[in-house]
file my_file04.tsv (TSV, C-alpha atoms and all ligand atoms)
chain	number	residue	atom	x	y	z
F	17	MET	CA	-20.12	11.56	-22.45
F	18	SER	CA	-20.44	10.64	-18.82
F	19	LEU	CA	-17.51	9.29	-16.86
F	20	LEU	CA	-17.72	6.10	-14.82
F	21	SER	CA	-15.33	5.71	-11.88
F	22	ILE	CA	-14.60	2.26	-10.53
F	23	VAL	CA	-13.32	2.29	-6.95
F	24	LEU	CA	-11.30	-0.74	-5.87
F	25	PRO	CA	-10.22	-1.07	-2.24
F	26	SER	CA	-7.15	-3.29	-2.21
F	27	TYR	CA	-5.24	-4.74	0.69
F	28	ASN	CA	-2.28	-7.01	-0.08
F	29	GLU	CA	-3.58	-7.72	-3.57
F	30	GLU	CA	-0.33	-7.54	-5.60
F	31	GLN	CA	-1.34	-10.68	-7.49
F	32	ASN	CA	-4.73	-9.28	-8.43
F	33	ILE	CA	-4.12	-5.65	-9.44
F	34	ALA	CA	-2.75	-6.16	-12.96
F	35	ASN	CA	-5.26	-8.82	-13.91
F	36	THR	CA	-8.23	-6.90	-12.51
F	37	ALA	CA	-7.14	-3.73	-14.31
F	38	LYS	CA	-6.77	-5.67	-17.56
F	39	VAL	CA	-10.22	-7.23	-17.29
F	40	LEU	CA	-11.90	-3.94	-16.38
F	41	THR	CA	-10.17	-1.77	-18.98
F	42	GLY	CA	-10.95	-4.43	-21.61
F	43	LEU	CA	-14.61	-4.44	-20.64
F	44	MET	CA	-14.88	-0.64	-20.60
F	45	GLU	CA	-13.15	-0.21	-23.94
F	46	GLU	CA	-15.17	-2.94	-25.65
F	47	ASN	CA	-18.37	-1.26	-24.55
F	48	GLY	CA	-17.27	2.29	-25.26
F	49	ILE	CA	-17.63	3.47	-21.67
F	50	ASP	CA	-15.49	6.42	-20.56
F	51	TYR	CA	-13.95	5.26	-17.30
F	52	GLU	CA	-11.35	5.69	-14.61
F	53	LEU	CA	-10.10	3.06	-12.17
F	54	VAL	CA	-9.35	4.28	-8.64
F	55	PHE	CA	-7.32	1.77	-6.66
F	56	VAL	CA	-6.91	2.49	-2.96
F	57	SER	CA	-4.18	0.43	-1.37
F	58	ASP	CA	-5.20	0.08	2.25
F	59	GLY	CA	-1.73	0.17	3.81
F	60	SER	CA	-0.72	-3.02	1.97
F	61	LYS	CA	2.40	-4.77	3.17
F	62	ASP	CA	3.19	-6.21	-0.27
F	63	ASN	CA	3.75	-4.51	-3.63
F	64	THR	CA	0.13	-3.54	-4.25
F	65	TYR	CA	0.89	0.17	-4.55
F	66	SER	CA	3.89	-0.26	-6.85
F	67	GLU	CA	1.71	-2.50	-9.05
F	68	ILE	CA	-0.81	0.36	-9.25
F	69	CYS	CA	1.97	2.85	-10.10
F	70	LYS	CA	3.20	0.56	-12.89
F	71	LEU	CA	-0.29	0.51	-14.43
F	72	GLU	CA	-0.65	4.26	-14.12
F	73	VAL	CA	2.41	4.80	-16.30
F	74	GLU	CA	0.80	2.82	-19.15
F	75	ASN	CA	-2.77	4.00	-18.73
F	76	LYS	CA	-3.60	7.45	-17.37
F	77	LYS	CA	-7.14	6.33	-16.64
F	78	ILE	CA	-5.81	4.25	-13.78
F	79	LYS	CA	-5.18	6.21	-10.59
F	80	GLY	CA	-4.31	5.14	-7.11
F	81	ALA	CA	-3.58	6.14	-3.57
F	82	GLU	CA	-1.78	4.47	-0.70
F	83	PHE	CA	-2.79	4.69	2.97
F	84	SER	CA	-0.17	5.28	5.64
F	85	ARG	CA	-1.33	2.07	7.35
F	86	ASN	CA	-4.19	-0.42	7.18
F	87	PHE	CA	-7.38	1.55	7.95
F	88	GLY	CA	-9.84	-1.11	6.81
F	89	LYS	CA	-12.03	-1.64	3.77
F	90	GLU	CA	-14.64	0.94	4.82
F	91	ALA	CA	-12.00	3.69	4.94
F	92	ALA	CA	-10.59	2.55	1.59
F	93	ILE	CA	-14.07	2.72	0.02
F	94	PHE	CA	-14.62	6.24	1.33
F	95	ALA	CA	-11.19	7.40	0.16
F	96	GLY	CA	-12.05	6.00	-3.27
F	97	LEU	CA	-15.37	7.86	-3.30
F	98	GLU	CA	-13.54	11.04	-2.39
F	99	LEU	CA	-10.90	10.59	-5.11
F	100	ALA	CA	-13.33	9.51	-7.83
F	101	THR	CA	-14.42	12.19	-10.27
F	102	GLY	CA	-17.01	10.26	-12.29
F	103	ASP	CA	-20.70	11.03	-12.81
F	104	ALA	CA	-21.35	7.58	-11.43
F	105	VAL	CA	-19.11	5.53	-9.16
F	106	ILE	CA	-18.95	1.76	-8.87
F	107	VAL	CA	-17.45	0.19	-5.78
F	108	MET	CA	-16.18	-3.36	-6.19
F	109	ASP	CA	-13.64	-5.75	-4.66
F	110	CYS	CA	-10.39	-5.94	-6.52
F	111	ASP	CA	-10.22	-9.75	-6.40
F	112	LEU	CA	-12.86	-10.06	-9.17
F	113	GLN	CA	-15.22	-11.89	-6.81
F	114	HIS	CA	-17.73	-9.31	-8.00
F	115	PRO	CA	-18.24	-10.30	-11.66
F	116	PRO	CA	-17.25	-7.37	-13.93
F	117	GLU	CA	-19.94	-8.06	-16.58
F	118	VAL	CA	-22.53	-6.99	-14.00
F	119	ILE	CA	-21.14	-3.45	-14.33
F	120	LEU	CA	-22.79	-3.17	-17.75
F	121	GLU	CA	-26.15	-4.02	-16.26
F	122	MET	CA	-25.60	-1.50	-13.47
F	123	VAL	CA	-24.68	1.22	-15.94
F	124	SER	CA	-27.76	0.59	-18.06
F	125	LYS	CA	-30.00	0.77	-14.97
F	126	TRP	CA	-28.28	4.02	-14.00
F	127	LYS	CA	-28.89	5.40	-17.50
F	128	ASN	CA	-32.54	4.45	-17.05
F	129	GLY	CA	-32.80	6.68	-14.01
F	130	ALA	CA	-31.67	4.64	-11.00
F	131	GLU	CA	-29.42	6.57	-8.62
F	132	VAL	CA	-28.28	3.64	-6.51
F	133	VAL	CA	-27.88	0.23	-8.14
F	134	GLU	CA	-27.34	-2.40	-5.46
F	135	GLY	CA	-25.52	-5.61	-6.24
F	136	ILE	CA	-27.50	-8.43	-4.63
F	137	LYS	CA	-25.75	-11.75	-4.02
F	138	ASN	CA	-27.57	-14.68	-5.53
F	139	SER	CA	-25.26	-17.08	-3.76
F	140	ARG	CA	-22.55	-16.24	-1.25
F	141	GLY	CA	-19.86	-18.25	-3.03
F	142	LYS	CA	-17.56	-20.57	-1.12
F	143	GLU	CA	-17.30	-19.65	2.56
F	144	ASN	CA	-16.71	-21.67	5.66
F	145	ILE	CA	-19.84	-22.55	7.63
F	146	PHE	CA	-18.94	-20.37	10.63
F	147	HIS	CA	-18.54	-17.36	8.37
F	148	LYS	CA	-21.84	-18.13	6.68
F	149	ALA	CA	-23.72	-18.71	9.96
F	150	PHE	CA	-22.25	-15.56	11.50
F	151	ALA	CA	-23.13	-13.48	8.45
F	152	ASN	CA	-26.68	-14.86	8.49
F	153	VAL	CA	-27.26	-14.02	12.15
F	154	PHE	CA	-25.62	-10.59	11.85
F	155	TYR	CA	-27.47	-9.51	8.71
F	156	GLY	CA	-30.71	-10.99	10.09
F	157	ILE	CA	-30.42	-8.72	13.12
F	158	MET	CA	-29.30	-5.72	11.08
F	159	SER	CA	-32.14	-6.18	8.59
F	160	SER	CA	-34.79	-6.17	11.29
F	161	LEU	CA	-33.19	-3.23	13.06
F	162	ILE	CA	-32.81	-0.92	10.11
F	163	LYS	CA	-35.86	-2.37	8.34
F	164	ILE	CA	-33.97	-3.09	5.16
F	165	ASP	CA	-33.10	-6.52	3.78
F	166	MET	CA	-29.35	-6.73	4.28
F	167	LYS	CA	-28.89	-10.49	3.98
F	168	SER	CA	-27.82	-10.61	0.40
F	169	SER	CA	-26.48	-7.08	0.10
F	170	SER	CA	-22.84	-6.40	-0.64
F	171	ASP	CA	-20.43	-3.53	-1.18
F	172	PHE	CA	-20.77	-4.00	-4.94
F	173	LYS	CA	-22.84	-0.99	-6.03
F	174	LEU	CA	-23.19	1.82	-8.47
F	175	LEU	CA	-23.81	5.27	-7.00
F	176	ASP	CA	-24.82	8.37	-8.85
F	177	ARG	CA	-22.69	11.50	-8.21
F	178	LYS	CA	-25.53	12.95	-6.06
F	179	VAL	CA	-25.42	9.89	-3.80
F	180	VAL	CA	-21.63	9.97	-3.56
F	181	ASN	CA	-21.77	13.61	-2.47
F	182	ALA	CA	-24.45	12.83	0.10
F	183	LEU	CA	-22.31	10.00	1.51
F	184	LEU	CA	-19.21	12.17	1.64
F	185	GLU	CA	-21.08	14.74	3.69
F	186	MET	CA	-21.66	12.28	6.52
F	187	PRO	CA	-19.48	13.37	9.40
F	188	GLU	CA	-19.10	10.01	11.12
F	189	LYS	CA	-15.66	8.43	11.09
F	190	GLU	CA	-16.74	4.84	11.48
F	191	THR	CA	-18.90	4.13	8.49
F	192	PHE	CA	-20.94	1.15	7.29
F	193	PHE	CA	-21.06	1.68	3.55
F	194	ARG	CA	-23.49	-1.12	2.81
F	195	ALA	CA	-26.17	0.25	5.12
F	196	LEU	CA	-25.44	3.95	4.60
F	197	SER	CA	-26.17	3.63	0.92
F	198	PHE	CA	-29.65	2.37	1.88
F	199	TRP	CA	-30.02	5.03	4.53
F	200	VAL	CA	-29.41	7.96	2.16
F	201	GLY	CA	-32.42	6.98	0.08
F	202	PHE	CA	-32.53	8.00	-3.63
F	203	LYS	CA	-34.01	5.99	-6.50
F	204	LYS	CA	-32.93	2.39	-6.19
F	205	ASP	CA	-32.59	-0.56	-8.47
F	206	THR	CA	-30.88	-3.90	-8.04
F	207	VAL	CA	-28.89	-6.38	-10.04
F	208	ILE	CA	-28.41	-9.98	-8.98
F	209	TYR	CA	-25.03	-11.69	-9.27
F	210	ASP	CA	-23.18	-14.82	-8.21
F	211	VAL	CA	-20.10	-14.32	-6.06
F	212	GLN	CA	-17.11	-15.68	-7.97
F	213	GLU	CA	-14.20	-17.57	-6.51
F	214	ARG	CA	-11.03	-15.72	-5.65
F	215	GLN	CA	-8.30	-16.51	-8.20
F	216	PHE	CA	-5.25	-15.30	-6.28
F	217	GLY	CA	-4.48	-14.65	-2.63
F	218	SER	CA	-6.89	-15.25	0.22
F	219	SER	CA	-9.71	-13.48	2.05
F	220	LYS	CA	-8.50	-10.69	4.34
F	221	TRP	CA	-11.20	-11.15	6.97
F	222	SER	CA	-10.50	-12.99	10.18
F	223	PHE	CA	-13.22	-14.05	12.61
F	224	THR	CA	-12.22	-11.34	15.11
F	225	SER	CA	-12.24	-8.63	12.46
F	226	LEU	CA	-15.75	-9.75	11.47
F	227	VAL	CA	-16.95	-9.58	15.09
F	228	ARG	CA	-15.42	-6.11	15.46
F	229	TYR	CA	-17.07	-5.03	12.21
F	230	ALA	CA	-20.43	-6.38	13.43
F	231	ILE	CA	-20.24	-4.57	16.79
F	232	SER	CA	-19.19	-1.31	15.17
F	233	ASN	CA	-22.05	-1.54	12.68
F	234	VAL	CA	-24.70	-2.37	15.25
F	235	THR	CA	-23.62	0.50	17.51
F	236	GLY	CA	-23.47	2.75	14.46
F	237	PHE	CA	-26.99	2.03	13.32
F	238	THR	CA	-29.18	1.37	16.31
F	239	THR	CA	-29.56	2.07	20.00
F	240	LEU	CA	-31.77	-0.99	20.46
F	241	PRO	CA	-29.20	-2.87	22.61
F	242	LEU	CA	-29.29	0.04	25.09
F	243	LYS	CA	-33.08	-0.14	25.19
F	244	ILE	CA	-32.93	-3.91	25.72
F	245	VAL	CA	-30.68	-3.29	28.73
F	246	SER	CA	-33.31	-1.01	30.28
F	247	TRP	CA	-36.09	-3.50	29.58
F	248	ILE	CA	-34.17	-6.35	31.18
F	249	GLY	CA	-33.53	-4.10	34.18
F	250	LEU	CA	-37.25	-3.36	34.47
F	251	ILE	CA	-38.21	-7.02	34.21
F	252	PHE	CA	-35.73	-7.85	36.97
F	253	VAL	CA	-37.14	-5.11	39.23
F	254	ILE	CA	-40.66	-6.49	38.77
F	255	LEU	CA	-39.51	-10.07	39.42
F	256	SER	CA	-37.55	-8.98	42.47
F	257	VAL	CA	-40.62	-7.33	44.01
F	258	GLY	CA	-42.54	-10.60	43.64
F	259	LEU	CA	-39.69	-12.62	45.06
F	260	ALA	CA	-39.20	-10.18	47.95
F	261	ILE	CA	-42.87	-10.41	48.96
F	262	GLN	CA	-42.81	-14.20	48.79
F	263	THR	CA	-39.60	-14.38	50.86
F	264	LEU	CA	-40.92	-11.99	53.51
F	265	VAL	CA	-44.26	-13.81	53.78
F	266	ARG	CA	-42.44	-17.12	54.24
F	267	PHE	CA	-40.13	-15.52	56.81
F	268	CYS	CA	-43.09	-14.16	58.83
F	269	MET	CA	-44.78	-17.55	58.70
F	270	GLY	CA	-41.70	-19.15	60.19
F	271	ASN	CA	-40.51	-21.16	57.16
F	272	ALA	CA	-37.93	-18.85	55.58
F	273	VAL	CA	-36.13	-19.95	52.37
F	274	GLU	CA	-33.10	-22.01	53.26
F	275	GLY	CA	-29.49	-22.16	52.19
F	276	PHE	CA	-27.13	-20.18	50.05
F	277	THR	CA	-27.95	-21.88	46.76
F	278	THR	CA	-30.64	-19.41	45.81
F	279	VAL	CA	-28.51	-16.48	46.88
F	280	ILE	CA	-25.50	-17.65	44.90
F	281	LEU	CA	-27.57	-18.30	41.79
F	282	LEU	CA	-29.24	-14.92	41.98
F	283	LEU	CA	-25.92	-13.17	42.56
F	284	LEU	CA	-24.33	-14.91	39.59
F	285	MET	CA	-27.25	-14.20	37.32
F	286	ILE	CA	-27.64	-10.55	38.26
F	287	GLY	CA	-23.87	-10.00	38.35
F	288	GLY	CA	-23.55	-11.47	34.86
F	289	LEU	CA	-26.38	-9.36	33.51
F	290	ILE	CA	-24.91	-6.19	35.01
F	291	MET	CA	-21.54	-6.92	33.42
F	292	VAL	CA	-23.08	-7.60	30.01
F	293	SER	CA	-25.13	-4.42	30.27
F	294	LEU	CA	-22.07	-2.40	31.21
F	295	GLY	CA	-20.30	-3.94	28.24
F	296	ILE	CA	-23.09	-2.86	25.90
F	297	ILE	CA	-23.09	0.67	27.32
F	298	GLY	CA	-19.27	0.63	27.13
F	299	ASN	CA	-19.41	-0.13	23.42
F	300	TYR	CA	-21.56	2.92	22.80
F	301	ILE	CA	-19.30	5.10	24.96
F	302	ALA	CA	-16.28	3.82	23.03
F	303	ARG	CA	-17.98	4.78	19.82
F	304	ILE	CA	-18.81	8.25	21.08
F	305	TYR	CA	-15.18	8.61	22.20
F	306	GLU	CA	-13.90	7.56	18.77
F	307	GLU	CA	-16.19	9.99	16.99
F	308	VAL	CA	-15.57	12.89	19.38
F	309	LYS	CA	-11.82	12.68	18.84
F	310	GLY	CA	-12.59	13.72	15.29
F	311	ARG	CA	-9.59	12.04	13.72
F	312	PRO	CA	-9.67	11.53	9.96
F	313	ARG	CA	-11.11	8.32	8.53
F	314	TYR	CA	-7.80	7.54	6.87
F	315	ILE	CA	-4.43	9.06	6.09
F	316	ILE	CA	-3.10	8.97	2.56
F	317	SER	CA	0.67	8.69	2.27
F	318	ASN	CA	1.00	8.68	-1.51
F	319	VAL	CA	-1.01	9.27	-4.66
F	320	THR	CA	-0.20	8.50	-8.28
F	321	ASP	CA	1.02	11.32	-10.54
F	322	ASN	CA	-2.18	11.55	-12.55
F	323	MET	CA	-4.29	12.62	-9.54
F	324	PRO	CA	-5.70	16.16	-9.83
F	325	GLU	CA	-3.29	18.87	-8.68
F	326	GLN	CA	-5.18	19.87	-5.54
F	327	ILE	CA	-5.22	16.28	-4.31
F	328	LYS	CA	-1.57	15.76	-5.14
F	329	GLY	CA	-0.71	19.02	-3.40
F	330	ALA	CA	-2.33	17.80	-0.21
F	331	TRP	CA	-0.31	14.63	0.03
F	332	LYS	CA	2.80	14.99	-2.06
F	333	LYS	CA	5.88	16.91	-1.17
F	334	ASN	CA	6.96	19.36	-3.85
F	335	ASP	CA	9.88	17.68	-5.49
S	1	LIG	N1	-9.78	-5.01	1.78
S	1	LIG	C1	-9.28	-3.76	2.15
S	1	LIG	N2	-8.84	-3.58	3.43
S	1	LIG	C2	-8.86	-4.57	4.37
S	1	LIG	C3	-9.40	-5.82	3.99
S	1	LIG	C4	-9.84	-6.00	2.70
S	1	LIG	O1	-9.23	-2.83	1.35
S	1	LIG	O2	-8.44	-4.32	5.51
S	1	LIG	C5	-10.24	-5.21	0.40
S	1	LIG	C6	-9.63	-6.42	-0.31
S	1	LIG	O3	-8.41	-6.10	-0.92
S	1	LIG	C7	-10.70	-6.76	-1.33
S	1	LIG	C8	-11.99	-6.39	-0.61
S	1	LIG	O4	-11.61	-5.49	0.43
S	1	LIG	O5	-10.60	-6.00	-2.51
S	1	LIG	C9	-12.69	-7.60	-0.05
S	1	LIG	O6	-11.80	-8.31	0.77
S	1	LIG	P1	-11.70	-9.89	0.77
S	1	LIG	O7	-11.69	-10.40	-0.62
S	1	LIG	O8	-10.53	-10.24	1.62
S	1	LIG	O9	-13.03	-10.27	1.51
S	1	LIG	P2	-14.11	-11.38	1.13
S	1	LIG	O10	-14.29	-11.33	-0.36
S	1	LIG	O11	-13.56	-12.65	1.59
S	1	LIG	O12	-15.33	-10.93	1.88
S	2	MG	MG	-12.97	-11.24	-1.81
call {"tool": "encode", "arguments": {"input": "my_file04.tsv", "output": "structure tokens", "more": "lines below"}}
Ligand code: UDP
Ligand code: MG
result
Amino acid sequence: MSLLSIVLPSYNEEQNIANTAKVLTGLMEENGIDYELVFVSDGSKDNTYSEICKLEVENKKIKGAEFSRNFGKEAAIFAGLELATGDAVIVMDCDLQHPPEVILEMVSKWKNGAEVVEGIKNSRGKENIFHKAFANVFYGIMSSLIKIDMKSSSDFKLLDRKVVNALLEMPEKETFFRALSFWVGFKKDTVIYDVQERQFGSSKWSFTSLVRYAISNVTGFTTLPLKIVSWIGLIFVILSVGLAIQTLVRFCMGNAVEGFTTVILLLLMIGGLIMVSLGIIGNYIARIYEEVKGRPRYIISNVTDNMPEQIKGAWKKND
């Protein structure tokens, strides 16, 4: 019988762990699915990891790892993929905003031959309007850049073992799971779901972390902003030739352009554009710098006892 791994990135989710585990184990057992739950505590500052350890004592199918600090959801997802041993892996939030029943639909599509089953949001659930507007603009841009509809996509997916291995082979440190799973290809299918409301705790995303996420993902997936910079430069060169000719002709005819106003405006405009362009180039350089350093995506400080020996050996002192 095939094994299904469910990967759950969790950051400060002490109130959710036990309930989520109960709901998921109940669902798996009712439907006779062989499963494992892989919780990855992303450097939580509360008792998330000890909650996971408590569950592991009762149910050996629940495993977990703890990061040495908060590395972000992307890193937690990739750690989960690395620790999962299933023939298919589901990634879902551990706050049950991704409805668990949908897993059954995903599994049946996987059994019918799909290798990636994408969870598509029917509605985005309750979000503030800034968040919603920002997400719309960001995913609109991303969709047109990578030519894939990203607007309603989410991190809730089922991946076949082949796909997981392909993802784990990617060398980049800063990943964008949602888009990478499109990028790798494979046979796709989708399931549609409604985002549920969070029962306990609150969303871990702040506006600045969303902006950082957006910049990192754009620089990770496209060089279009760099090309736009060159095009703007070219347009300005062409305009400046026209303006230079006009100014010189007027000067020769004895009615040169007057005053500083034009000069100041041009300086401000061109200065601003140069700064923005440098900023865009800077973002790409920063990304190259981050990747070149070659540091690991995450550092695990602890794993539960039921992890395979070679994994435990890597992170646990012999005691
Ligand atoms: N999460 C994480 N690391 C972080 C932030 C969030 O592992 O730095 C996890 C979090 O515990 C949850 C999932 O990512 O399981 C989604 O986070 P959240 O519910 O805060 O986001 P939202 O649902 O509001 O998009
Ligand atoms: Mg959530």
call {"tool": "residues_around", "arguments": {"input": "my_file04.tsv", "residues": "segment 304-315 of chain F", "least_positions_apart": "4", "cutoff": "8 Å", "atoms": "only C-alpha atoms", "output": "number ranges by chain"}}
result
F: 83-85, 87, 91-92, 95, 188-190, 300
call {"tool": "closest_atom_pairs", "arguments": {"input": "my_file04.tsv", "of": "chain F", "to": "ligand MG 2 (chain S)", "cutoff": "8 Å", "atoms": "all atoms listed in the file", "output": "tab-separated table"}}
result
residue	atom	partner	partner_atom	distance
F:Asp109	CA	S:MG2	MG	6.2
F:Cys110	CA	S:MG2	MG	7.5
F:Asp111	CA	S:MG2	MG	5.6
F:Leu112	CA	S:MG2	MG	7.5
F:Gln113	CA	S:MG2	MG	5.5
F:Glu213	CA	S:MG2	MG	8.0
F:Arg214	CA	S:MG2	MG	6.2
F:Ser218	CA	S:MG2	MG	7.6
F:Ser219	CA	S:MG2	MG	5.5
F:Lys220	CA	S:MG2	MG	7.6
call {"tool": "residues_near_ligand", "arguments": {"input": "my_file04.tsv", "ligand": "ligand LIG 1 (chain S)", "cutoff": "10 Å", "atoms": "all atoms listed in the file", "output": "ChimeraX atom specification"}}
result
/F:23-30,32-33,55-60,64,85-93,107-114,140-143,147,170-171,211-214,216-222,225-226
call {"tool": "atom_distance", "arguments": {"input": "my_file04.tsv", "atom1": "atom CA of Met291 of chain F", "atom2": "atom CA of Ile261 of chain F"}}
result
26.6 Å
call {"tool": "closest_residue", "arguments": {"input": "my_file04.tsv", "among": "F:Ile208, F:Leu71, F:Leu53, F:Ile22", "to": "Gly135 of chain F", "atoms": "only C-alpha atoms"}}
result
F:Ile208
call {"tool": "closest_residue", "arguments": {"input": "my_file04.tsv", "among": "F:Val180, F:Ile119, F:Ala151, F:Met158", "to": "Glu131 of chain F", "atoms": "only C-alpha atoms"}}
result
F:Val180
call {"tool": "atom_distance", "arguments": {"input": "my_file04.tsv", "atom1": "atom CA of Leu175 of chain F", "atom2": "atom CA of Ile106 of chain F"}}
result
6.3 Å
call {"tool": "closest_residue", "arguments": {"input": "my_file04.tsv", "among": "F:Met166, F:Val319, F:Ile301, F:Leu196", "to": "Val153 of chain F", "atoms": "all atoms listed in the file"}}
result
F:Met166
call {"tool": "residues_around", "arguments": {"input": "my_file04.tsv", "residues": "Asn47 of chain F", "least_positions_apart": "4", "cutoff": "12 Å", "atoms": "all atoms listed in the file", "output": "list in words"}}
result
Leu40, Thr41, Gly42, Leu43, Tyr51, Glu117, Ile119, Leu120, Glu121, Val123 and Ser124 of chain F
